[in-house]
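*Asks:* Got a structure for you, model-v1.txt, holding compact mmCIF, C-alpha atoms.
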# COMPACT_ATOMS: atom_id res chain seq x y z
CA MET P 1 3.25 -23.96 -5.23
CA ARG P 2 3.03 -21.35 -7.99
CA THR P 3 0.08 -19.70 -6.20
CA VAL P 4 2.06 -19.35 -2.96
CA LEU P 5 5.03 -17.90 -4.83
CA ALA P 6 2.71 -15.50 -6.68
CA VAL P 7 1.17 -14.25 -3.41
CA ILE P 8 4.60 -13.79 -1.77
CA ALA P 9 5.97 -11.97 -4.83
CA GLY P 10 2.89 -9.75 -5.09
CA TYR P 11 3.12 -8.85 -1.41
CA ALA P 12 6.86 -8.17 -1.72
CA VAL P 13 6.27 -5.84 -4.67
CA ILE P 14 3.59 -3.98 -2.71
CA PHE P 15 5.91 -3.63 0.29
CA ILE P 16 8.89 -2.43 -1.76
CA PHE P 17 6.75 0.03 -3.73
CA ILE P 18 5.17 1.48 -0.57
CA VAL P 19 8.47 1.85 1.29
CA THR P 20 10.12 3.47 -1.72
CA ALA P 21 7.19 5.77 -2.60
CA PHE P 22 6.64 6.94 0.96
CA THR P 23 10.35 7.51 1.52
CA LEU P 24 10.58 9.61 -1.64
CA ALA P 25 7.39 11.52 -0.78
CA TYR P 26 8.70 12.32 2.69
CA MET P 27 12.08 13.36 1.31
CA ALA P 28 10.38 15.62 -1.25
CA GLY P 29 7.68 17.12 0.97
CA GLY P 30 9.29 16.88 4.38
CA ALA P 31 7.61 17.09 7.74
CA ASN P 32 5.55 20.11 6.69
CA PHE P 33 3.79 18.03 4.02
CA ALA P 34 3.40 14.95 6.22
CA PHE P 35 2.47 16.39 9.62
CA GLN P 36 0.02 19.00 10.90
CA GLY P 37 2.29 21.54 12.58
CA GLU P 38 4.29 19.98 15.40
CA SER P 39 1.72 17.23 15.97
CA LEU P 40 2.08 13.63 14.86
CA ASN P 41 -1.23 13.83 12.97
CA VAL P 42 -0.77 13.51 9.22
CA THR P 43 -2.09 16.14 6.83
CA ALA P 44 -4.99 15.71 4.41
CA GLY P 45 -2.48 16.02 1.55
CA TRP P 46 -0.47 13.14 2.96
CA LEU P 47 -3.63 11.01 3.27
CA VAL P 48 -4.56 11.68 -0.36
CA MET P 49 -1.04 10.85 -1.53
CA ALA P 50 -0.96 7.72 0.65
CA THR P 51 -4.31 6.54 -0.68
CA VAL P 52 -3.15 6.87 -4.28
CA MET P 53 0.19 5.18 -3.53
CA ASN P 54 -1.49 2.31 -1.69
CA PHE P 55 -3.91 1.78 -4.58
CA VAL P 56 -1.15 1.85 -7.21
CA ALA P 57 0.98 -0.53 -5.12
CA ALA P 58 -1.94 -2.93 -4.72
CA CYS P 59 -2.70 -2.86 -8.45
CA LEU P 60 0.94 -3.61 -9.19
CA GLY P 61 1.03 -6.42 -6.62
CA GLY P 62 -2.12 -7.96 -8.06
CA TRP P 63 -0.69 -7.75 -11.55
CA ILE P 64 2.56 -9.42 -10.45
CA ALA P 65 0.64 -12.17 -8.64
CA ALA P 66 -1.40 -12.85 -11.79
CA VAL P 67 1.71 -12.88 -14.00
CA ILE P 68 3.51 -15.37 -11.76
CA ALA P 69 0.42 -17.55 -11.23
CA LYS P 70 -0.09 -17.76 -15.01
CA GLY P 71 -3.16 -19.46 -16.35
CA LYS P 72 -6.67 -18.18 -15.91
CA SER P 73 -7.12 -19.22 -12.27
CA PRO P 74 -7.44 -16.09 -10.13
CA SER P 75 -6.67 -17.92 -6.86
CA ALA P 76 -3.34 -16.15 -6.30
CA VAL P 77 -4.88 -12.74 -6.85
CA LYS P 78 -7.82 -13.54 -4.57
CA ALA P 79 -5.46 -14.90 -1.91
CA LEU P 80 -3.30 -11.76 -2.05
CA ALA P 81 -6.37 -9.52 -1.85
CA ALA P 82 -7.68 -11.49 1.14
CA LEU P 83 -4.27 -11.36 2.83
CA LEU P 84 -4.12 -7.57 2.49
CA LEU P 85 -7.67 -7.21 3.79
CA VAL P 86 -7.16 -9.47 6.83
CA LEU P 87 -3.74 -8.09 7.76
CA GLY P 88 -4.86 -4.51 7.19
CA LEU P 89 -8.00 -4.84 9.30
CA GLY P 90 -6.00 -6.56 12.03
CA ILE P 91 -3.46 -3.75 12.11
CA ALA P 92 -6.24 -1.13 12.07
CA ALA P 93 -7.94 -2.84 15.02
CA TRP P 94 -4.63 -3.04 16.89
CA ASN P 95 -4.05 0.67 16.26
CA LEU P 96 -7.32 1.49 18.06
CA THR P 97 -5.74 0.60 21.41
CA ALA P 98 -2.00 0.83 20.72
CA GLU P 99 -0.13 3.48 22.63
CA ARG P 100 2.72 5.03 20.71
CA PRO P 101 5.36 7.06 22.47
CA GLY P 102 6.33 10.28 20.77
CA PRO P 103 9.73 10.89 19.18
CA ALA P 104 12.64 12.09 21.28
CA LYS P 105 13.43 14.87 18.80
CA PRO P 106 11.48 17.57 16.96
CA ILE P 107 9.20 16.38 14.16
CA SER P 108 11.12 18.44 11.61
CA GLU P 109 14.23 16.32 12.30
CA LEU P 110 12.61 12.90 11.82
CA THR P 111 13.93 10.58 9.15
CA SER P 112 11.38 8.99 6.82
CA SER P 113 11.46 5.70 8.76
CA GLU P 114 11.00 7.54 12.08
CA ALA P 115 8.14 9.56 10.59
CA ALA P 116 6.45 6.32 9.52
CA GLN P 117 6.88 4.91 13.01
CA PHE P 118 5.35 7.90 14.80
CA ALA P 119 2.76 9.16 12.28
CA ALA P 120 -0.83 9.13 13.52
CA GLN P 121 -3.50 8.55 10.89
CA PRO P 122 -7.21 8.82 11.66
CA HIS P 123 -8.77 5.51 12.70
CA TRP P 124 -11.29 5.64 9.86
CA TYR P 125 -8.39 5.88 7.41
CA ASN P 126 -6.66 2.85 8.93
CA PHE P 127 -9.84 0.86 8.27
CA LEU P 128 -10.23 2.26 4.74
CA ILE P 129 -6.77 1.30 3.46
CA PRO P 130 -7.30 -2.50 3.61
CA PHE P 131 -10.32 -2.12 1.33
CA ILE P 132 -8.33 0.12 -1.04
CA GLY P 133 -5.64 -2.59 -1.16
CA PHE P 134 -8.22 -5.33 -1.67
CA ALA P 135 -9.79 -3.51 -4.61
CA GLY P 136 -6.42 -2.57 -6.09
CA VAL P 137 -5.14 -6.15 -6.05
CA LEU P 138 -8.31 -7.44 -7.70
CA LEU P 139 -8.15 -4.71 -10.34
CA GLY P 140 -4.45 -5.26 -11.02
CA GLY P 141 -4.92 -9.02 -11.23
CA ARG P 142 -7.87 -8.61 -13.55
CA GLY P 143 -5.83 -6.37 -15.82
CA ARG P 144 -3.24 -9.10 -16.27
CA ASN P 145 -5.87 -11.61 -17.29
CA SER P 146 -7.56 -9.20 -19.68
CA GLU P 147 -7.31 -10.11 -23.33
CA LEU P 148 -5.96 -6.62 -24.10
CA VAL P 149 -2.97 -6.72 -21.76
CA GLY P 150 0.18 -7.64 -23.62
CA SER P 151 -1.48 -7.56 -27.02
CA PRO P 152 0.12 -5.44 -29.74
CA ALA P 153 -2.98 -3.18 -29.77
CA ALA P 154 -2.59 -2.49 -26.05
CA VAL P 155 1.12 -1.71 -26.41
CA ARG P 156 0.50 0.74 -29.27
CA GLY P 157 -2.23 2.45 -27.22
What would you get if you wrote out this structure as structure tokens?
*Replies:*
Amino acid sequence: MRTVLAVIAGYAVIFIFIVTAFTLAYMAGGANFAFQGESLNVTAGWLVMATVMNFVAACLGGWIAAVIAKGKSPSAVKALAALLLVLGLGIAAWNLTAERPGPAKPISELTSSEAAQFAAQPHWYNFLIPFIGFAGVLLGGRGRNSELVGSPAAVRG
């Protein structure tokens, strides 16, 4: 039961972090940072930012899963990593054929949630992100189980 709770909590932390980080990034940078001109294609800067945010979120989720799972068994971390990989690859595959209608208003007037709904990322990127998440969760979960994490030496730096 603890493993299931750890996976759910880790996934929830990832989701909340991503929604918050992307909302703040869109509010700070606006449509000019997120989109290439008046197209729905995202900019290279947005892809770099999104990659970093996804990796940080995954590390945090893996760490939370390991904290909640307690003990030395990495099953919760592995399950969360596998969940992100399978869901992410499924969504990437679905995006290959999904048709998305464009927004009914100019791109510069989109809210952050509308921008997320309409943004078009390259297909290669959609397939990369699940592996970034997988690696981040494993790294974050490993950090929790490290002998240095939580020790006075680690806190002092």
*Asks:* With distances taken over all atoms listed in the file, which residue among P:Ile8, P:Ala50, P:Val67, P:Ala25 lies nearest Ala81 of chain P?
*Replies:*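 Among the listed residues, P:Ile8 lies closest to Ala81 of chain P.
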*Asks:* Measuring between all atoms listed in the file, which one of P:Val48, P:Val19, P:Leu84, P:Val77 shows the shortest distance to Phe33 of chain P?
*Replies:*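 Nearest to Phe33 of chain P: P:Val48.
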*Asks:* Point out the residue among P:Val52, P:Met1, P:Val42, P:Ala34 with the least atom-to-atom distance to Gly136 of chain P, counting all atoms listed in the file.
*Replies:*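 Smallest distance to Gly136 of chain P is found for P:Val52.
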*Asks:* Could you check how far atom CA of Ala69 of chain P sits from atom CA of Thr3 of chain P, in Å to one decimal?
*Replies:*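 One can read the atom CA of Ala69 of chain P to atom CA of Thr3 of chain P distance as 5.5 Å.
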*Asks:* Expressed in Å to a single decimal, how great is the separation between atom CA of Met53 of chain P and atom CA of Gln121 of chain P?
*Replies:* 15.3 Å
*Asks:* Which value, in Å to one decimal, gives the distance between atom CA of Ala65 of chain P and atom CA of Ile132 of chain P?
*Replies:*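 Rounded to one decimal, the two atoms are 17.0 Å apart.
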*Asks:* Taking (-4.3, -3.4, 0.0) in the file's coordinates, which residues come within 8 Å, counting all atoms listed in the file, written as a VMD selection string?
*Replies:* chain P and resid 54 to 55 57 to 58 81 84 to 85 88 129 to 137
*Asks:* Have a look at P:Asn95, P:Ser112, P:Thr51, P:Ser75 and name the one nearest to Tyr26 of chain P; count all atoms listed in the file.
*Replies:*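 That would be P:Ser112, the residue with the smallest distance to Tyr26 of chain P.
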*Asks:* In terms of the shortest atom-to-atom distance over only C-alpha atoms, which of P:Ser39, P:Lys105, P:Cys59, P:Thr97 is closest to Ala120 of chain P?
*Replies:*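 For Ala120 of chain P, the nearest of the candidates is P:Ser39.
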*Asks:* Kindly indicate which residue among P:Pro101, P:Pro122, P:Gly29, P:Gly10 lies nearest to Leu47 of chain P, using all atoms listed in the file for the distances.
*Replies:* P:Pro122
*Asks:* Got a sec: who's within 9 Å of Arg142 of chain P, counting all atoms listed in the file, leaving out chain neighbours fewer than 4 positions off, as a PyMOL selection string?
*Replies:* chain P and resi 62-63+66+74+77+137-138+146
